[in-house]
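Some notes on the structure that comes next.
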Amino acid sequence: PVKALNLTEEGVITLQYALLKAIESDYSIEPVEIDARLMGSTESKNILIYESAEGSIGVLKDIVKNPAILREIFLKSYEICGYDYSTKQDKYPERPKASYDDLLSYYNQMDHLKINRHSIKEALELLIVSNPDDTDGGTYEEKYENLKKNLHQKSPGELQLLNYLFENGYRLPDYTNYNMEDFFVQPDLLCLLYV
């Protein structure tokens, strides 16, 4: 949700490299195994992260299946940028806006002048406290099992859709058969949007 983070072009580029560095670090993979591209209109760029190694190394699938890992990636990105999350302070105030000790690399030379670790501090703090797919600390599989408990037994379509989402690694709904009394409805599957 780059637009919701109110990032400049410099910030989007920096966030892209911070996330890549964090994934590389957490999964001990080489920079050539994962890559990112900016997509979308100039005023609303988004980041597409993809596995660039031949075949699949399974990193992104692991992140999708275990959303708690995403928070760890945001925390690692914050740390890579030189910040301490417990104090929200810059651990290296003397360090320039980017260096080879944090975000710069051989692979992002074309963007060296645009990378600025200070431009994403607030955005990373928002991402760290966000809850992209609340699993109450559980795994993707545990969330799936909990959602199945509230399905109507007489409505096989609910189970079919939930099974399809689970089997393909898509985001699971937040609730099944949630009673929205104020609106006089009870949707079969409910997904909350975080903006």
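Chain identifiers are assigned as A, B, and so on, following the order in which chains appear in the structure tokens; residues are numbered from 1 within each chain, and ligands are numbered from 1 in order of appearance.
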Could you list, as number ranges by chain, every residue within 12 Å of Gly169 of chain A, counting only C-alpha atoms and ignoring same-chain residues fewer than 3 positions away? A: 58, 60-67, 140-141, 144, 162-166, 172
With 10 Å as the cut-off and only C-alpha atoms counted, what is the closest atom pair between each nearby residue of segment 107-179 of chain A and segment 82-85 of chain A? Distances in Å to one decimal, ordered by chain and number, as a tab-separated table.
```
residue	atom	partner	partner_atom	distance
A:Arg117	CA	A:Gly82	CA	8.0
A:His118	CA	A:Gly82	CA	9.3
A:Lys121	CA	A:Tyr83	CA	8.0
A:Leu124	CA	A:Tyr85	CA	10.0
A:Glu125	CA	A:Tyr85	CA	8.1
A:Ile128	CA	A:Tyr85	CA	9.4
```
To one decimal place, how far is atom CA of Glu51 of chain A from atom CA of Tyr106 of chain A in Å?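 These atoms are spaced 18.4 Å apart.
If you count only C-alpha atoms and ignore residues fewer than 4 places along the chain from Ile80 of chain A, what sits within 8 Å of it is A:Ala18, A:Lys21, A:Ala22, A:Lys76, A:Asp102, A:Leu103.
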Just-selected residues, C-alpha atoms written as a JSON list (two decimals), in the first residue's frame:
```json
[["chain", "number", "residue", "atom", "x", "y", "z"],
["A", 18, "ALA", "CA", 15.18, -2.02, 2.16],
["A", 21, "LYS", "CA", 17.88, -6.41, 1.74],
["A", 22, "ALA", "CA", 15.72, -7.64, 4.64],
["A", 76, "LYS", "CA", 14.70, -6.08, 9.65],
["A", 102, "ASP", "CA", 22.98, -0.41, 4.73],
["A", 103, "LEU", "CA", 21.10, 0.02, 1.44]]
```
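With atom CA of Ser44 of chain A on one side and atom CA of Gln89 of chain A on the other, the separation reads 28.8 Å.
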Quick check for you: according to DSSP on this backbone, which residues of segment 62-174 of chain A are classed as strand (DSSP E or B)? Reply as a PyMOL selection string. chain A and resi 83-84+89-90
Could you check which of A:Ala53, A:Ile47, A:Ile69, A:Cys81 is closest to Asp101 of chain A, using only C-alpha atoms?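 Ranked by minimum distance to Asp101 of chain A, first place goes to A:Cys81.
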Any idea what the distance is between atom CA of Thr14 of chain A and atom CA of Val59 of chain A?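 Rounded to one decimal, the two atoms are 21.0 Å apart.
Closest approach to Leu48 of chain A from the set A:His112, A:Ala68, A:Val12, A:Phe74 is made by A:Val12, with distances taken over only C-alpha atoms.
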Just list as a PyMOL selection string whatever in chain A DSSP marks as alpha helix (DSSP H). chain A and resi 9-27+59-65+68-80+121-129+140-148+156-167
Give me, as a compact mmCIF listing (two decimals) with all heavy atoms, in the first residue's frame, all polymer residues having an atom no more than 9 Å from Asn177 of chain A, counting only C-alpha atoms and skipping those fewer than 2 positions away in the same chain.
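Result file is out_10.txt:
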```
# COMPACT_ATOMS: atom_id res chain seq x y z
N ASN A 150 -16.53 -21.81 11.55
CA ASN A 150 -17.71 -20.95 11.49
C ASN A 150 -18.47 -21.05 10.17
O ASN A 150 -19.39 -20.27 9.94
CB ASN A 150 -17.33 -19.49 11.74
CG ASN A 150 -16.95 -19.25 13.17
OD1 ASN A 150 -17.46 -19.91 14.07
ND2 ASN A 150 -16.04 -18.32 13.39
N LEU A 151 -18.10 -21.95 9.30
CA LEU A 151 -18.79 -22.09 8.03
C LEU A 151 -20.15 -22.76 8.22
O LEU A 151 -20.32 -23.59 9.11
CB LEU A 151 -17.96 -22.92 7.05
CG LEU A 151 -16.64 -22.31 6.59
CD1 LEU A 151 -15.89 -23.28 5.70
CD2 LEU A 151 -16.87 -20.99 5.86
N HIS A 152 -21.11 -22.40 7.37
CA HIS A 152 -22.42 -23.07 7.38
C HIS A 152 -22.27 -24.44 6.74
O HIS A 152 -21.71 -24.56 5.65
CB HIS A 152 -23.46 -22.26 6.60
CG HIS A 152 -23.90 -21.04 7.31
ND1 HIS A 152 -23.83 -19.79 6.73
CD2 HIS A 152 -24.41 -20.84 8.56
CE1 HIS A 152 -24.29 -18.89 7.57
NE2 HIS A 152 -24.63 -19.50 8.69
N TYR A 175 -12.86 -13.15 8.63
CA TYR A 175 -13.95 -13.79 9.36
C TYR A 175 -14.80 -14.62 8.41
O TYR A 175 -14.89 -14.31 7.22
CB TYR A 175 -14.87 -12.75 10.02
CG TYR A 175 -14.16 -11.83 10.98
CD1 TYR A 175 -13.77 -10.57 10.59
CD2 TYR A 175 -13.89 -12.23 12.29
CE1 TYR A 175 -13.11 -9.71 11.46
CE2 TYR A 175 -13.24 -11.39 13.17
CZ TYR A 175 -12.84 -10.14 12.75
OH TYR A 175 -12.19 -9.31 13.62
N ASN A 179 -21.52 -11.61 11.82
CA ASN A 179 -22.79 -10.90 11.92
C ASN A 179 -22.53 -9.40 12.06
O ASN A 179 -22.01 -8.94 13.07
CB ASN A 179 -23.60 -11.41 13.11
CG ASN A 179 -25.01 -10.87 13.10
OD1 ASN A 179 -25.36 -10.00 12.31
ND2 ASN A 179 -25.82 -11.38 14.00
N GLN A 186 -24.98 -10.73 7.21
CA GLN A 186 -24.01 -11.67 7.74
C GLN A 186 -23.27 -12.29 6.55
O GLN A 186 -23.66 -13.34 6.05
CB GLN A 186 -24.68 -12.77 8.58
CG GLN A 186 -23.67 -13.70 9.21
CD GLN A 186 -24.33 -14.65 10.20
OE1 GLN A 186 -25.23 -14.27 10.93
NE2 GLN A 186 -23.85 -15.88 10.23
N PRO A 187 -22.17 -11.63 6.08
CA PRO A 187 -21.46 -12.15 4.92
C PRO A 187 -20.81 -13.51 5.23
O PRO A 187 -20.37 -13.75 6.34
CB PRO A 187 -20.40 -11.09 4.62
CG PRO A 187 -20.32 -10.24 5.83
CD PRO A 187 -21.58 -10.41 6.60
N ASP A 188 -20.78 -14.36 4.19
CA ASP A 188 -20.14 -15.67 4.35
C ASP A 188 -18.66 -15.51 4.67
O ASP A 188 -18.13 -16.17 5.57
CB ASP A 188 -20.29 -16.50 3.08
CG ASP A 188 -21.75 -16.81 2.77
OD1 ASP A 188 -22.56 -16.81 3.71
OD2 ASP A 188 -22.06 -17.06 1.60
N LEU A 189 -18.00 -14.65 3.91
CA LEU A 189 -16.57 -14.40 4.11
C LEU A 189 -16.36 -12.89 4.16
O LEU A 189 -16.92 -12.16 3.36
CB LEU A 189 -15.75 -14.99 2.96
CG LEU A 189 -15.96 -16.47 2.67
CD1 LEU A 189 -15.25 -16.87 1.40
CD2 LEU A 189 -15.49 -17.34 3.82
N LEU A 190 -15.55 -12.44 5.11
CA LEU A 190 -15.33 -11.02 5.29
C LEU A 190 -13.83 -10.74 5.32
O LEU A 190 -13.12 -11.32 6.15
CB LEU A 190 -15.99 -10.52 6.58
CG LEU A 190 -15.78 -9.05 6.93
CD1 LEU A 190 -16.50 -8.15 5.95
CD2 LEU A 190 -16.29 -8.77 8.35
```
